[in-house]
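In what follows, a single structure is set out as structure tokens and then discussed.
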Amino acid sequence: MTPSDYEYLRKLLKERSGLDLSADKQYLVESRLMPLARKAGLGGIPELAQKMKGGAATLTSDVVEAMTTNETFFFRDKIPFDHLKEAVLPALIQARAARRSIRIWCAASSTGQEPYSIAMVLKEMGAALAGWRTEIVATDLSLGVLEKSRAGMFSQFEVQRGLPIQLLVKYFTQQGELWQLNADIRAMVQHKQLNLLQDFAHLGTFDIIFCRNVLIYFDQDTKANIFDRVAKILEPDGVLALGAAESVVGISDAFKPYPDRRGLYRTNPVRGAQSGVAAFPFRATAFAR
Ligand SMILES: C[S@@+](CC[C@H](N)C(=O)[O-])C[C@H]1O[C@@H](n2cnc3c(N)ncnc32)[C@H](O)[C@@H]1O
């Protein structure tokens with residue numbers, strides 16, 4: 001790949017998905033895109049870039065998807081799910097007693113392990129949430145992962161990563177070598193394609209937002225812009241969960257840490273959710289699928 005092919009791909013990926021590749025990640029681009037180039041009958045990355053420049057929209061979407069990292073597993077990091085069960089949901093159950101509904105957004109849901117872990121936590125709350133309307137909205141940029149998530153079908157390897165055996169037995173049915181998540185848990189999660197670079201105000205407001213292990217791939221300005229817009233759709237007493245390696249500190253004052261609960265944040269009342277923060281306008285038009 002020539003330096004100009006790499007620059008072209010780097011710029012395109014940043015505009016389309018937010019992925020912020022440093023100048024020395026050619027090997028990553030090669031290893032992720034060579035299989036795609038071969039599948040498309042192309043000799044290599046230069047030919048792939050040429051085709052994309054010629055306006056091959058589907059190929060471009062495939063390149064963006066191939067460059068996303070979809071690593072996930074059930075109850076990833078465990079602690080946020082313990083916080084959810086022990087602190088966040090009990091507080092919301094009290095605060096929402098009149099309305100009896102809770103809305104949760106899983107903002108980069110990958111192949112479903114995270115939103116379904118949340119669904120199992122809600123289900124395990126049993127009588128405390130009986131008769132409540134609970135909504136889990138799972139969104140991701142990649143159509144491929146959303147399709148897998150919707151199917152709710154997981155390999156032996158996937159169910160062995162993080163999922164307690166009692167929950168496997170209770171909520172999954174074995175089908176040959178795979179495990180199918182039972183229909184009642186699958187029905188708790190709605191799936192939608194959504195690029196975090198674009199406007200998401202139309203999703204409405206949420207009581208809990210999980211936005212984990214995705215912002216880590218973005219630059220500071222992109223993170224700050226997304227935090228500002230997330231703050232606008234999180235209820236004032238709502239909770240944001242970030243990944244173990246992520247934080248708002250030094251990036252945005254839209255949120256402040258939730259006391260004694262690592263990885264959780266609330267909107268910052270001192271600052272207030274900024275009004276009028278827009279998604280990056282140049283990206284909104286650049287991303288056409
Ligand atoms: C590493 S996975 C994290 C999955 C899950 N949140 C977790 O923590 O286990 C990152 C996900 O973010 C998605 N993603 C990447 N860029 C995105 C964007 N601009 N908008 C929405 N989703 C994006 C990828 O497709 C991928 O599924």
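By order of appearance in the structure tokens: chains A, B, ..., then residues from 1 within every chain, and ligands from 1 in the order shown.
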
| message | I'd like the contact shell of A:Phe81 - 12 Å cut-off, only C-alpha atoms, skipping same-chain residues fewer than 3 positions apart - returned as a PyMOL selection string. | response | chain A and resi 74-78+84-89+114-122+124+162-163+208+210+241-243+261-264

Emit the selected residues as a compact mmCIF listing (two decimals), in the first residue's frame, including N, CA, C and O atoms.
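Generated output (result07.txt):
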```txt
# COMPACT_ATOMS: atom_id res chain seq x y z
N PHE A 74 -20.20 -11.60 27.29
CA PHE A 74 -21.26 -11.46 28.29
C PHE A 74 -20.69 -10.89 29.59
O PHE A 74 -19.60 -11.28 30.02
N PHE A 75 -21.43 -9.98 30.20
CA PHE A 75 -21.07 -9.39 31.50
C PHE A 75 -19.62 -8.89 31.52
O PHE A 75 -18.90 -9.09 32.50
N ARG A 76 -19.24 -8.24 30.42
CA ARG A 76 -17.85 -7.76 30.28
C ARG A 76 -17.49 -6.84 31.44
O ARG A 76 -18.22 -5.89 31.74
N ASP A 77 -16.40 -7.11 32.09
CA ASP A 77 -15.88 -6.37 33.25
C ASP A 77 -16.70 -6.60 34.52
O ASP A 77 -16.38 -6.04 35.56
N LYS A 78 -17.79 -7.29 34.44
CA LYS A 78 -18.65 -7.68 35.57
C LYS A 78 -19.15 -6.50 36.42
O LYS A 78 -20.36 -6.38 36.67
N LEU A 84 -25.34 -2.10 38.29
CA LEU A 84 -26.70 -1.99 37.73
C LEU A 84 -27.71 -2.66 38.67
O LEU A 84 -28.73 -2.08 39.02
N LYS A 85 -27.33 -3.87 39.09
CA LYS A 85 -28.22 -4.67 39.94
C LYS A 85 -28.33 -4.09 41.35
O LYS A 85 -29.42 -4.01 41.92
N GLU A 86 -27.18 -3.66 41.89
CA GLU A 86 -27.16 -3.29 43.32
C GLU A 86 -27.52 -1.84 43.59
O GLU A 86 -28.05 -1.52 44.65
N ALA A 87 -27.21 -0.94 42.64
CA ALA A 87 -27.40 0.48 42.94
C ALA A 87 -28.31 1.19 41.92
O ALA A 87 -29.28 1.86 42.31
N VAL A 88 -27.99 1.04 40.65
CA VAL A 88 -28.65 1.86 39.64
C VAL A 88 -30.13 1.50 39.50
O VAL A 88 -31.01 2.37 39.59
N LEU A 89 -30.41 0.20 39.33
CA LEU A 89 -31.81 -0.19 39.15
C LEU A 89 -32.64 0.02 40.43
O LEU A 89 -33.74 0.58 40.35
N GLU A 114 -23.66 -7.57 25.27
CA GLU A 114 -23.88 -6.52 26.27
C GLU A 114 -25.38 -6.22 26.48
O GLU A 114 -25.85 -6.28 27.63
N PRO A 115 -26.15 -5.93 25.42
CA PRO A 115 -27.57 -5.68 25.69
C PRO A 115 -28.29 -6.89 26.29
O PRO A 115 -29.18 -6.73 27.13
N TYR A 116 -27.89 -8.12 25.89
CA TYR A 116 -28.55 -9.29 26.46
C TYR A 116 -28.11 -9.52 27.91
O TYR A 116 -28.88 -10.06 28.70
N SER A 117 -26.89 -9.12 28.26
CA SER A 117 -26.49 -9.20 29.67
C SER A 117 -27.38 -8.27 30.49
O SER A 117 -27.85 -8.63 31.58
N ILE A 118 -27.64 -7.06 29.95
CA ILE A 118 -28.51 -6.10 30.65
C ILE A 118 -29.92 -6.70 30.76
O ILE A 118 -30.55 -6.63 31.82
N ALA A 119 -30.39 -7.32 29.68
CA ALA A 119 -31.74 -7.91 29.70
C ALA A 119 -31.84 -9.00 30.78
O ALA A 119 -32.84 -9.07 31.51
N MET A 120 -30.78 -9.80 30.91
CA MET A 120 -30.82 -10.86 31.94
C MET A 120 -30.80 -10.27 33.34
O MET A 120 -31.47 -10.78 34.24
N VAL A 121 -30.06 -9.15 33.52
CA VAL A 121 -30.07 -8.49 34.84
C VAL A 121 -31.49 -8.02 35.16
O VAL A 121 -32.00 -8.23 36.27
N LEU A 122 -32.16 -7.42 34.17
CA LEU A 122 -33.54 -6.94 34.40
C LEU A 122 -34.45 -8.11 34.75
O LEU A 122 -35.25 -8.05 35.68
N GLU A 124 -33.67 -10.94 36.02
CA GLU A 124 -33.33 -11.47 37.34
C GLU A 124 -33.86 -10.59 38.48
O GLU A 124 -33.86 -11.02 39.63
N GLY A 162 -17.75 -15.20 30.30
CA GLY A 162 -18.44 -14.23 31.16
C GLY A 162 -19.83 -14.60 31.61
O GLY A 162 -20.35 -14.02 32.56
N LEU A 163 -20.45 -15.57 30.92
CA LEU A 163 -21.84 -15.89 31.25
C LEU A 163 -21.89 -16.94 32.37
O LEU A 163 -21.40 -18.05 32.20
N ILE A 208 -30.70 4.96 31.44
CA ILE A 208 -29.36 4.35 31.54
C ILE A 208 -28.78 4.29 30.13
O ILE A 208 -29.48 3.88 29.19
N PHE A 210 -25.38 2.69 28.18
CA PHE A 210 -24.11 1.96 28.13
C PHE A 210 -23.42 2.38 26.84
O PHE A 210 -23.97 2.18 25.76
N ALA A 241 -22.70 4.47 31.57
CA ALA A 241 -21.62 3.50 31.86
C ALA A 241 -20.62 3.53 30.73
O ALA A 241 -20.99 3.42 29.56
N LEU A 242 -19.34 3.70 31.08
CA LEU A 242 -18.25 3.66 30.09
C LEU A 242 -17.42 2.41 30.30
O LEU A 242 -17.53 1.75 31.34
N GLY A 243 -16.54 2.10 29.33
CA GLY A 243 -15.67 0.93 29.44
C GLY A 243 -14.58 1.15 30.47
O GLY A 243 -14.30 2.29 30.88
N ARG A 261 -18.93 4.30 42.43
CA ARG A 261 -19.26 3.27 41.43
C ARG A 261 -18.39 3.48 40.21
O ARG A 261 -18.73 4.29 39.33
N ARG A 262 -17.25 2.81 40.16
CA ARG A 262 -16.29 3.05 39.07
C ARG A 262 -16.91 2.75 37.71
O ARG A 262 -17.61 1.75 37.55
N GLY A 263 -16.66 3.64 36.75
CA GLY A 263 -17.15 3.41 35.39
C GLY A 263 -18.52 4.01 35.13
O GLY A 263 -18.99 4.00 33.99
N LEU A 264 -19.16 4.51 36.21
CA LEU A 264 -20.50 5.10 36.03
C LEU A 264 -20.44 6.61 36.18
O LEU A 264 -19.68 7.13 37.00
```

| field | 12 Å contact set for A:Lys25, only C-alpha atoms, chain neighbours under 6 positions out, as number ranges by chain | value | A: 1, 3, 6-7, 9-10, 19, 31-32, 67

Expected answer as a short mmCIF file (atom, residue, chain, number, x, y, z; two decimals) with all heavy atoms, in the first residue's frame: residues within 8 Å of ligand 1, only C-alpha atoms and all ligand atoms:
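Resulting contents of result_24.cif:
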```cif
data_model
loop_
_atom_site.label_atom_id
_atom_site.label_comp_id
_atom_site.auth_asym_id
_atom_site.auth_seq_id
_atom_site.Cartn_x
_atom_site.Cartn_y
_atom_site.Cartn_z
N ARG A 16 -16.09 8.34 8.32
CA ARG A 16 -17.25 7.44 8.29
C ARG A 16 -17.59 6.84 9.65
O ARG A 16 -18.74 6.62 9.97
CB ARG A 16 -17.01 6.29 7.31
CG ARG A 16 -16.81 6.71 5.88
CD ARG A 16 -18.11 7.21 5.30
NE ARG A 16 -17.92 7.68 3.94
CZ ARG A 16 -18.38 7.05 2.86
NH1 ARG A 16 -19.05 5.93 2.99
NH2 ARG A 16 -18.18 7.57 1.67
N SER A 17 -16.55 6.48 10.42
CA SER A 17 -16.85 5.77 11.67
C SER A 17 -16.23 6.41 12.90
O SER A 17 -16.51 5.98 14.01
CB SER A 17 -16.33 4.32 11.57
OG SER A 17 -14.92 4.30 11.61
N GLY A 18 -15.37 7.41 12.71
CA GLY A 18 -14.69 8.03 13.86
C GLY A 18 -13.36 7.37 14.18
O GLY A 18 -12.59 7.89 14.99
N LEU A 19 -13.09 6.23 13.56
CA LEU A 19 -11.85 5.50 13.85
C LEU A 19 -10.64 6.40 13.61
O LEU A 19 -10.47 6.94 12.52
CB LEU A 19 -11.77 4.25 12.97
CG LEU A 19 -10.53 3.38 13.15
CD1 LEU A 19 -10.48 2.77 14.55
CD2 LEU A 19 -10.52 2.25 12.11
N GLU A 65 -16.85 -1.51 7.93
CA GLU A 65 -17.22 -2.60 8.86
C GLU A 65 -16.01 -3.47 9.20
O GLU A 65 -15.81 -3.84 10.35
CB GLU A 65 -18.30 -3.49 8.25
CG GLU A 65 -19.65 -2.83 8.24
CD GLU A 65 -20.81 -3.79 8.49
OE1 GLU A 65 -20.57 -4.94 8.90
OE2 GLU A 65 -21.95 -3.37 8.28
N THR A 68 -13.86 -2.10 11.95
CA THR A 68 -14.35 -1.93 13.32
C THR A 68 -13.92 -3.14 14.16
O THR A 68 -13.80 -4.25 13.65
CB THR A 68 -15.90 -1.80 13.40
OG1 THR A 68 -16.48 -2.96 12.83
CG2 THR A 68 -16.41 -0.56 12.70
N THR A 69 -13.72 -2.90 15.43
CA THR A 69 -13.36 -3.98 16.36
C THR A 69 -14.63 -4.36 17.10
O THR A 69 -15.25 -3.52 17.75
CB THR A 69 -12.28 -3.49 17.34
OG1 THR A 69 -11.14 -3.12 16.56
CG2 THR A 69 -11.89 -4.56 18.34
N ASN A 70 -15.03 -5.61 16.98
CA ASN A 70 -16.33 -6.03 17.53
C ASN A 70 -16.20 -6.86 18.80
O ASN A 70 -17.18 -7.45 19.27
CB ASN A 70 -17.11 -6.83 16.47
CG ASN A 70 -17.25 -6.07 15.17
OD1 ASN A 70 -16.89 -6.56 14.11
ND2 ASN A 70 -17.74 -4.85 15.26
N GLU A 71 -15.00 -6.92 19.35
CA GLU A 71 -14.75 -7.72 20.56
C GLU A 71 -15.77 -7.39 21.66
O GLU A 71 -15.97 -6.22 22.02
CB GLU A 71 -13.31 -7.41 21.03
CG GLU A 71 -12.98 -7.81 22.46
CD GLU A 71 -12.81 -9.30 22.65
OE1 GLU A 71 -12.99 -10.07 21.69
OE2 GLU A 71 -12.50 -9.71 23.79
N THR A 72 -16.40 -8.41 22.19
CA THR A 72 -17.35 -8.22 23.28
C THR A 72 -17.56 -9.58 23.96
O THR A 72 -17.22 -10.62 23.40
CB THR A 72 -18.70 -7.68 22.76
OG1 THR A 72 -19.54 -7.35 23.86
CG2 THR A 72 -19.42 -8.65 21.83
N PHE A 73 -18.10 -9.55 25.15
CA PHE A 73 -18.50 -10.82 25.78
C PHE A 73 -19.54 -10.54 26.87
O PHE A 73 -19.75 -9.39 27.26
CB PHE A 73 -17.30 -11.63 26.29
CG PHE A 73 -16.31 -10.88 27.13
CD1 PHE A 73 -16.38 -10.87 28.51
CD2 PHE A 73 -15.27 -10.17 26.51
CE1 PHE A 73 -15.45 -10.19 29.27
CE2 PHE A 73 -14.33 -9.49 27.28
CZ PHE A 73 -14.42 -9.50 28.66
N PHE A 74 -20.20 -11.60 27.29
CA PHE A 74 -21.26 -11.46 28.29
C PHE A 74 -20.69 -10.89 29.59
O PHE A 74 -19.60 -11.28 30.02
CB PHE A 74 -21.94 -12.80 28.56
CG PHE A 74 -22.83 -13.27 27.42
CD1 PHE A 74 -22.42 -14.25 26.55
CD2 PHE A 74 -24.07 -12.68 27.23
CE1 PHE A 74 -23.24 -14.66 25.50
CE2 PHE A 74 -24.90 -13.08 26.19
CZ PHE A 74 -24.48 -14.08 25.31
N ARG A 76 -19.24 -8.24 30.42
CA ARG A 76 -17.85 -7.76 30.28
C ARG A 76 -17.49 -6.84 31.44
O ARG A 76 -18.22 -5.89 31.74
CB ARG A 76 -17.73 -6.99 28.96
CG ARG A 76 -16.34 -6.53 28.65
CD ARG A 76 -16.32 -5.91 27.27
NE ARG A 76 -14.97 -5.66 26.83
CZ ARG A 76 -14.64 -5.29 25.60
NH1 ARG A 76 -15.59 -5.15 24.68
NH2 ARG A 76 -13.41 -5.05 25.27
N CYS A 106 -28.01 0.85 24.68
CA CYS A 106 -26.70 0.22 24.57
C CYS A 106 -26.12 0.72 23.24
O CYS A 106 -26.56 0.30 22.17
CB CYS A 106 -26.92 -1.30 24.59
SG CYS A 106 -25.41 -2.19 24.70
N ALA A 107 -25.17 1.67 23.34
CA ALA A 107 -24.85 2.51 22.19
C ALA A 107 -23.83 1.93 21.20
O ALA A 107 -23.62 2.50 20.15
CB ALA A 107 -24.35 3.87 22.68
N ALA A 108 -23.18 0.86 21.51
CA ALA A 108 -22.30 0.18 20.54
C ALA A 108 -22.38 -1.28 20.92
O ALA A 108 -21.52 -1.83 21.60
CB ALA A 108 -20.88 0.71 20.61
N SER A 109 -23.47 -1.91 20.49
CA SER A 109 -23.91 -3.16 21.11
C SER A 109 -23.23 -4.39 20.54
O SER A 109 -23.42 -5.50 21.06
CB SER A 109 -25.42 -3.27 20.98
OG SER A 109 -25.80 -3.12 19.63
N SER A 110 -22.50 -4.22 19.43
CA SER A 110 -21.79 -5.33 18.79
C SER A 110 -22.72 -6.54 18.60
O SER A 110 -23.88 -6.37 18.23
CB SER A 110 -20.52 -5.67 19.57
OG SER A 110 -19.73 -6.57 18.81
N THR A 111 -22.23 -7.73 18.89
CA THR A 111 -23.00 -8.94 18.57
C THR A 111 -24.04 -9.31 19.63
O THR A 111 -24.61 -10.39 19.59
CB THR A 111 -22.03 -10.13 18.33
OG1 THR A 111 -21.00 -10.08 19.33
CG2 THR A 111 -21.37 -10.03 16.98
N GLY A 112 -24.29 -8.42 20.58
CA GLY A 112 -25.45 -8.60 21.46
C GLY A 112 -25.16 -9.02 22.89
O GLY A 112 -26.05 -8.96 23.75
N GLN A 113 -23.93 -9.43 23.17
CA GLN A 113 -23.66 -9.92 24.52
C GLN A 113 -23.94 -8.85 25.57
O GLN A 113 -24.40 -9.17 26.67
CB GLN A 113 -22.20 -10.39 24.63
CG GLN A 113 -21.91 -11.74 23.98
CD GLN A 113 -21.55 -11.64 22.50
OE1 GLN A 113 -21.97 -10.72 21.81
NE2 GLN A 113 -20.81 -12.60 22.00
N GLU A 114 -23.66 -7.57 25.27
CA GLU A 114 -23.88 -6.52 26.27
C GLU A 114 -25.38 -6.22 26.48
O GLU A 114 -25.85 -6.28 27.63
CB GLU A 114 -23.11 -5.25 25.86
CG GLU A 114 -23.18 -4.17 26.92
CD GLU A 114 -22.27 -3.00 26.57
OE1 GLU A 114 -22.53 -2.31 25.57
OE2 GLU A 114 -21.30 -2.77 27.30
N THR A 139 -27.86 -0.36 19.59
CA THR A 139 -27.49 0.21 18.29
C THR A 139 -26.02 -0.05 18.01
O THR A 139 -25.20 -0.17 18.92
CB THR A 139 -27.74 1.73 18.25
OG1 THR A 139 -26.87 2.38 19.19
CG2 THR A 139 -29.17 2.10 18.55
N ASP A 140 -25.71 -0.11 16.73
CA ASP A 140 -24.32 -0.27 16.30
C ASP A 140 -24.23 0.24 14.87
O ASP A 140 -25.23 0.29 14.14
CB ASP A 140 -23.88 -1.75 16.37
CG ASP A 140 -22.37 -1.91 16.43
OD1 ASP A 140 -21.72 -1.74 15.37
OD2 ASP A 140 -21.83 -2.16 17.51
N LEU A 141 -23.02 0.60 14.50
CA LEU A 141 -22.75 1.04 13.13
C LEU A 141 -22.82 -0.12 12.15
O LEU A 141 -23.25 0.02 11.00
CB LEU A 141 -21.32 1.62 13.12
CG LEU A 141 -20.63 1.90 11.81
CD1 LEU A 141 -21.17 3.17 11.20
CD2 LEU A 141 -19.14 2.04 12.04
N SER A 142 -22.41 -1.29 12.60
CA SER A 142 -22.22 -2.43 11.71
C SER A 142 -23.50 -3.27 11.57
O SER A 142 -24.05 -3.77 12.55
CB SER A 142 -21.08 -3.29 12.25
OG SER A 142 -21.19 -4.61 11.79
N VAL A 145 -22.93 -7.10 12.70
CA VAL A 145 -23.04 -7.49 14.12
C VAL A 145 -24.50 -7.42 14.58
O VAL A 145 -24.93 -8.22 15.41
CB VAL A 145 -22.12 -6.66 15.05
CG1 VAL A 145 -20.66 -6.88 14.72
CG2 VAL A 145 -22.46 -5.19 15.10
N GLN A 193 -29.66 0.23 13.44
CA GLN A 193 -28.33 0.68 13.00
C GLN A 193 -28.18 2.16 13.34
O GLN A 193 -29.10 2.96 13.07
CB GLN A 193 -28.16 0.49 11.50
CG GLN A 193 -26.71 0.75 11.10
CD GLN A 193 -26.51 0.91 9.62
OE1 GLN A 193 -27.45 1.24 8.90
NE2 GLN A 193 -25.30 0.69 9.17
N LEU A 194 -27.07 2.53 13.93
CA LEU A 194 -26.84 3.94 14.25
C LEU A 194 -25.35 4.23 14.34
O LEU A 194 -24.61 3.49 14.99
CB LEU A 194 -27.52 4.28 15.59
CG LEU A 194 -27.46 5.76 15.94
CD1 LEU A 194 -28.84 6.28 16.32
CD2 LEU A 194 -26.50 6.04 17.08
N ASN A 195 -24.97 5.30 13.66
CA ASN A 195 -23.57 5.76 13.71
C ASN A 195 -23.50 6.86 14.76
O ASN A 195 -24.20 7.87 14.67
CB ASN A 195 -23.19 6.31 12.33
CG ASN A 195 -21.73 6.69 12.25
OD1 ASN A 195 -21.05 6.87 13.27
ND2 ASN A 195 -21.26 6.82 11.03
N LEU A 196 -22.65 6.69 15.75
CA LEU A 196 -22.55 7.68 16.84
C LEU A 196 -22.08 9.05 16.35
O LEU A 196 -22.23 10.04 17.06
CB LEU A 196 -21.61 7.16 17.93
CG LEU A 196 -22.17 6.03 18.78
CD1 LEU A 196 -21.06 5.38 19.59
CD2 LEU A 196 -23.26 6.55 19.71
N LEU A 197 -21.50 9.11 15.15
CA LEU A 197 -21.09 10.41 14.62
C LEU A 197 -22.30 11.22 14.17
O LEU A 197 -22.22 12.43 14.01
CB LEU A 197 -20.14 10.25 13.42
CG LEU A 197 -18.84 9.50 13.66
CD1 LEU A 197 -17.97 9.58 12.43
CD2 LEU A 197 -18.10 10.04 14.86
N PHE A 210 -25.38 2.69 28.18
CA PHE A 210 -24.11 1.96 28.13
C PHE A 210 -23.42 2.38 26.84
O PHE A 210 -23.97 2.18 25.76
CB PHE A 210 -24.35 0.45 28.10
CG PHE A 210 -24.43 -0.20 29.45
CD1 PHE A 210 -25.38 0.20 30.38
CD2 PHE A 210 -23.56 -1.23 29.81
CE1 PHE A 210 -25.45 -0.40 31.63
CE2 PHE A 210 -23.62 -1.84 31.05
CZ PHE A 210 -24.57 -1.42 31.97
N CYS A 211 -22.25 3.00 26.96
CA CYS A 211 -21.50 3.39 25.76
C CYS A 211 -20.06 2.94 26.02
O CYS A 211 -19.22 3.73 26.41
CB CYS A 211 -21.60 4.90 25.55
SG CYS A 211 -20.83 5.42 24.01
N ARG A 212 -19.83 1.65 25.85
CA ARG A 212 -18.58 1.07 26.35
C ARG A 212 -17.69 0.53 25.23
O ARG A 212 -18.16 -0.12 24.30
CB ARG A 212 -18.91 -0.04 27.34
CG ARG A 212 -19.79 0.47 28.52
CD ARG A 212 -19.78 -0.48 29.70
NE ARG A 212 -19.98 -1.84 29.30
CZ ARG A 212 -19.34 -2.86 29.87
NH1 ARG A 212 -18.49 -2.68 30.85
NH2 ARG A 212 -19.59 -4.10 29.45
N ASN A 213 -16.41 0.83 25.38
CA ASN A 213 -15.39 0.28 24.49
C ASN A 213 -15.62 0.63 23.02
O ASN A 213 -15.40 -0.19 22.14
CB ASN A 213 -15.30 -1.25 24.68
CG ASN A 213 -15.03 -1.59 26.14
OD1 ASN A 213 -14.04 -1.14 26.71
ND2 ASN A 213 -15.94 -2.31 26.77
N VAL A 214 -16.07 1.83 22.79
CA VAL A 214 -16.18 2.33 21.42
C VAL A 214 -15.49 3.69 21.31
O VAL A 214 -14.76 3.94 20.36
CB VAL A 214 -17.66 2.37 20.93
CG1 VAL A 214 -18.54 3.27 21.76
CG2 VAL A 214 -17.71 2.82 19.48
N LEU A 215 -15.69 4.57 22.30
CA LEU A 215 -15.09 5.92 22.23
C LEU A 215 -13.57 5.84 22.26
O LEU A 215 -12.88 6.74 21.80
CB LEU A 215 -15.60 6.79 23.39
CG LEU A 215 -17.11 7.01 23.42
CD1 LEU A 215 -17.49 7.93 24.59
CD2 LEU A 215 -17.63 7.59 22.13
N TYR A 217 -11.71 4.37 20.43
CA TYR A 217 -11.14 4.41 19.07
C TYR A 217 -11.20 5.80 18.45
O TYR A 217 -10.76 5.98 17.33
CB TYR A 217 -11.89 3.42 18.17
CG TYR A 217 -11.82 2.00 18.69
CD1 TYR A 217 -12.92 1.37 19.27
CD2 TYR A 217 -10.61 1.30 18.64
CE1 TYR A 217 -12.83 0.08 19.78
CE2 TYR A 217 -10.51 0.02 19.14
CZ TYR A 217 -11.63 -0.58 19.71
OH TYR A 217 -11.52 -1.85 20.22
N GLY A 243 -16.54 2.10 29.33
CA GLY A 243 -15.67 0.93 29.44
C GLY A 243 -14.58 1.15 30.47
O GLY A 243 -14.30 2.29 30.88
#
```

| query | Expressed in Å to a single decimal, how great is the separation between atom CA of A:Pro269 and atom CA of A:Pro257? | reply |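 Atom-to-atom, atom CA of A:Pro269 to atom CA of A:Pro257, that is 12.0 Å.
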
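The residues of stretch 3-190 of chain A that DSSP classifies as strand (DSSP E), using the backbone of this structure, are Ser101, Ile102, Arg103, Ile104, Trp105, Cys106, Arg133, Thr134, Glu135, Ile136, Val137, Ala138, Thr139, Asp140, Met153, Phe154, Ser155, Phe172, Thr173, Gln174, Gln175, Leu178, Trp179, Gln180, Leu181, Val189 and Gln190 of chain A.
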
Now that the selection is made, can you save its residues with C-alpha atoms as a PDB file, in the first residue's frame?
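The resulting file, out38.pdb, is shown below:
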```
ATOM      1  CA  SER A 101     -40.913   2.356  32.947  1.00  0.00           C
ATOM      2  CA  ILE A 102     -37.173   2.305  32.331  1.00  0.00           C
ATOM      3  CA  ARG A 103     -35.395   2.999  29.038  1.00  0.00           C
ATOM      4  CA  ILE A 104     -31.854   1.756  28.426  1.00  0.00           C
ATOM      5  CA  TRP A 105     -29.610   2.467  25.434  1.00  0.00           C
ATOM      6  CA  CYS A 106     -26.697   0.217  24.575  1.00  0.00           C
ATOM      7  CA  ARG A 133     -42.229  -1.423  30.797  1.00  0.00           C
ATOM      8  CA  THR A 134     -38.511  -1.933  30.232  1.00  0.00           C
ATOM      9  CA  GLU A 135     -36.989  -1.015  26.914  1.00  0.00           C
ATOM     10  CA  ILE A 136     -33.454  -1.831  25.770  1.00  0.00           C
ATOM     11  CA  VAL A 137     -32.376  -0.177  22.528  1.00  0.00           C
ATOM     12  CA  ALA A 138     -29.239  -1.759  21.033  1.00  0.00           C
ATOM     13  CA  THR A 139     -27.489   0.212  18.291  1.00  0.00           C
ATOM     14  CA  ASP A 140     -24.316  -0.269  16.303  1.00  0.00           C
ATOM     15  CA  MET A 153     -27.325 -17.485  18.556  1.00  0.00           C
ATOM     16  CA  PHE A 154     -23.972 -17.965  20.279  1.00  0.00           C
ATOM     17  CA  SER A 155     -21.132 -20.471  20.039  1.00  0.00           C
ATOM     18  CA  PHE A 172     -30.485 -20.502  26.528  1.00  0.00           C
ATOM     19  CA  THR A 173     -31.437 -23.595  24.578  1.00  0.00           C
ATOM     20  CA  GLN A 174     -28.774 -25.769  22.996  1.00  0.00           C
ATOM     21  CA  GLN A 175     -29.107 -26.251  19.254  1.00  0.00           C
ATOM     22  CA  LEU A 178     -24.778 -23.433  19.265  1.00  0.00           C
ATOM     23  CA  TRP A 179     -26.805 -21.869  22.049  1.00  0.00           C
ATOM     24  CA  GLN A 180     -29.990 -19.945  21.228  1.00  0.00           C
ATOM     25  CA  LEU A 181     -31.029 -17.220  23.630  1.00  0.00           C
ATOM     26  CA  VAL A 189     -33.937  -5.851  23.002  1.00  0.00           C
ATOM     27  CA  GLN A 190     -34.740  -3.692  19.969  1.00  0.00           C
TER      28      GLN A 190
END
```

Write out as a compact mmCIF listing (two decimals) with C-alpha atoms, in the first residue's frame each polymer residue whose atoms come within 12 Å of A:Leu234, counting only C-alpha atoms; drop sequence neighbours fewer than 3 positions from it.
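Listed below is the output, selection.txt:
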```txt
# COMPACT_ATOMS: atom_id res chain seq x y z
CA ILE A 102 -37.17 2.31 32.33
CA ARG A 103 -35.40 3.00 29.04
CA ILE A 104 -31.85 1.76 28.43
CA TRP A 105 -29.61 2.47 25.43
CA PHE A 200 -29.17 10.41 17.78
CA ALA A 201 -31.57 12.82 19.53
CA LEU A 203 -33.95 8.01 20.01
CA GLY A 204 -35.59 9.96 22.84
CA THR A 205 -34.37 10.14 26.42
CA PHE A 206 -32.92 7.29 28.47
CA ASP A 207 -32.51 6.39 32.13
CA ILE A 208 -29.36 4.35 31.54
CA ILE A 209 -26.84 4.55 28.69
CA PHE A 210 -24.11 1.96 28.13
CA CYS A 211 -21.50 3.39 25.76
CA PHE A 227 -20.44 13.12 25.39
CA ASP A 228 -22.23 16.46 24.90
CA ARG A 229 -24.95 14.88 22.80
CA VAL A 230 -25.29 11.84 25.10
CA ALA A 231 -25.76 14.23 28.06
CA ASP A 237 -30.93 11.32 37.39
CA GLY A 238 -29.85 8.82 34.73
CA VAL A 239 -26.54 6.93 34.53
CA LEU A 240 -23.89 6.59 31.83
CA ALA A 241 -21.62 3.50 31.86
CA ALA A 254 -20.87 17.17 30.71
CA PHE A 255 -20.59 14.28 33.19
CA TYR A 265 -21.28 8.79 35.45
CA ARG A 266 -24.17 11.22 35.86
CA THR A 267 -24.78 14.43 33.97
CA ASN A 268 -23.11 17.42 35.57
CA GLY A 272 -26.02 21.35 32.54
CA ALA A 273 -26.38 19.54 29.23
```

| task | Can you work out the spacing between atom CA of A:Gln198 and atom CA of A:Ala279 in Å, to one decimal? | result | 5.3 Å

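Scanning stretch 190-226 of chain A with DSSP on the backbone, the helix (DSSP H, G or I) assignments fall on Ala201, His202, Leu203, Leu215, Ile216, Tyr217, Gln220, Asp221, Thr222, Lys223, Ala224, Asn225 and Ile226 of chain A.
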
| query | atom CA of A:Ile251 and atom CA of A:Glu235 are how many Å apart? | reply | 20.8 Å
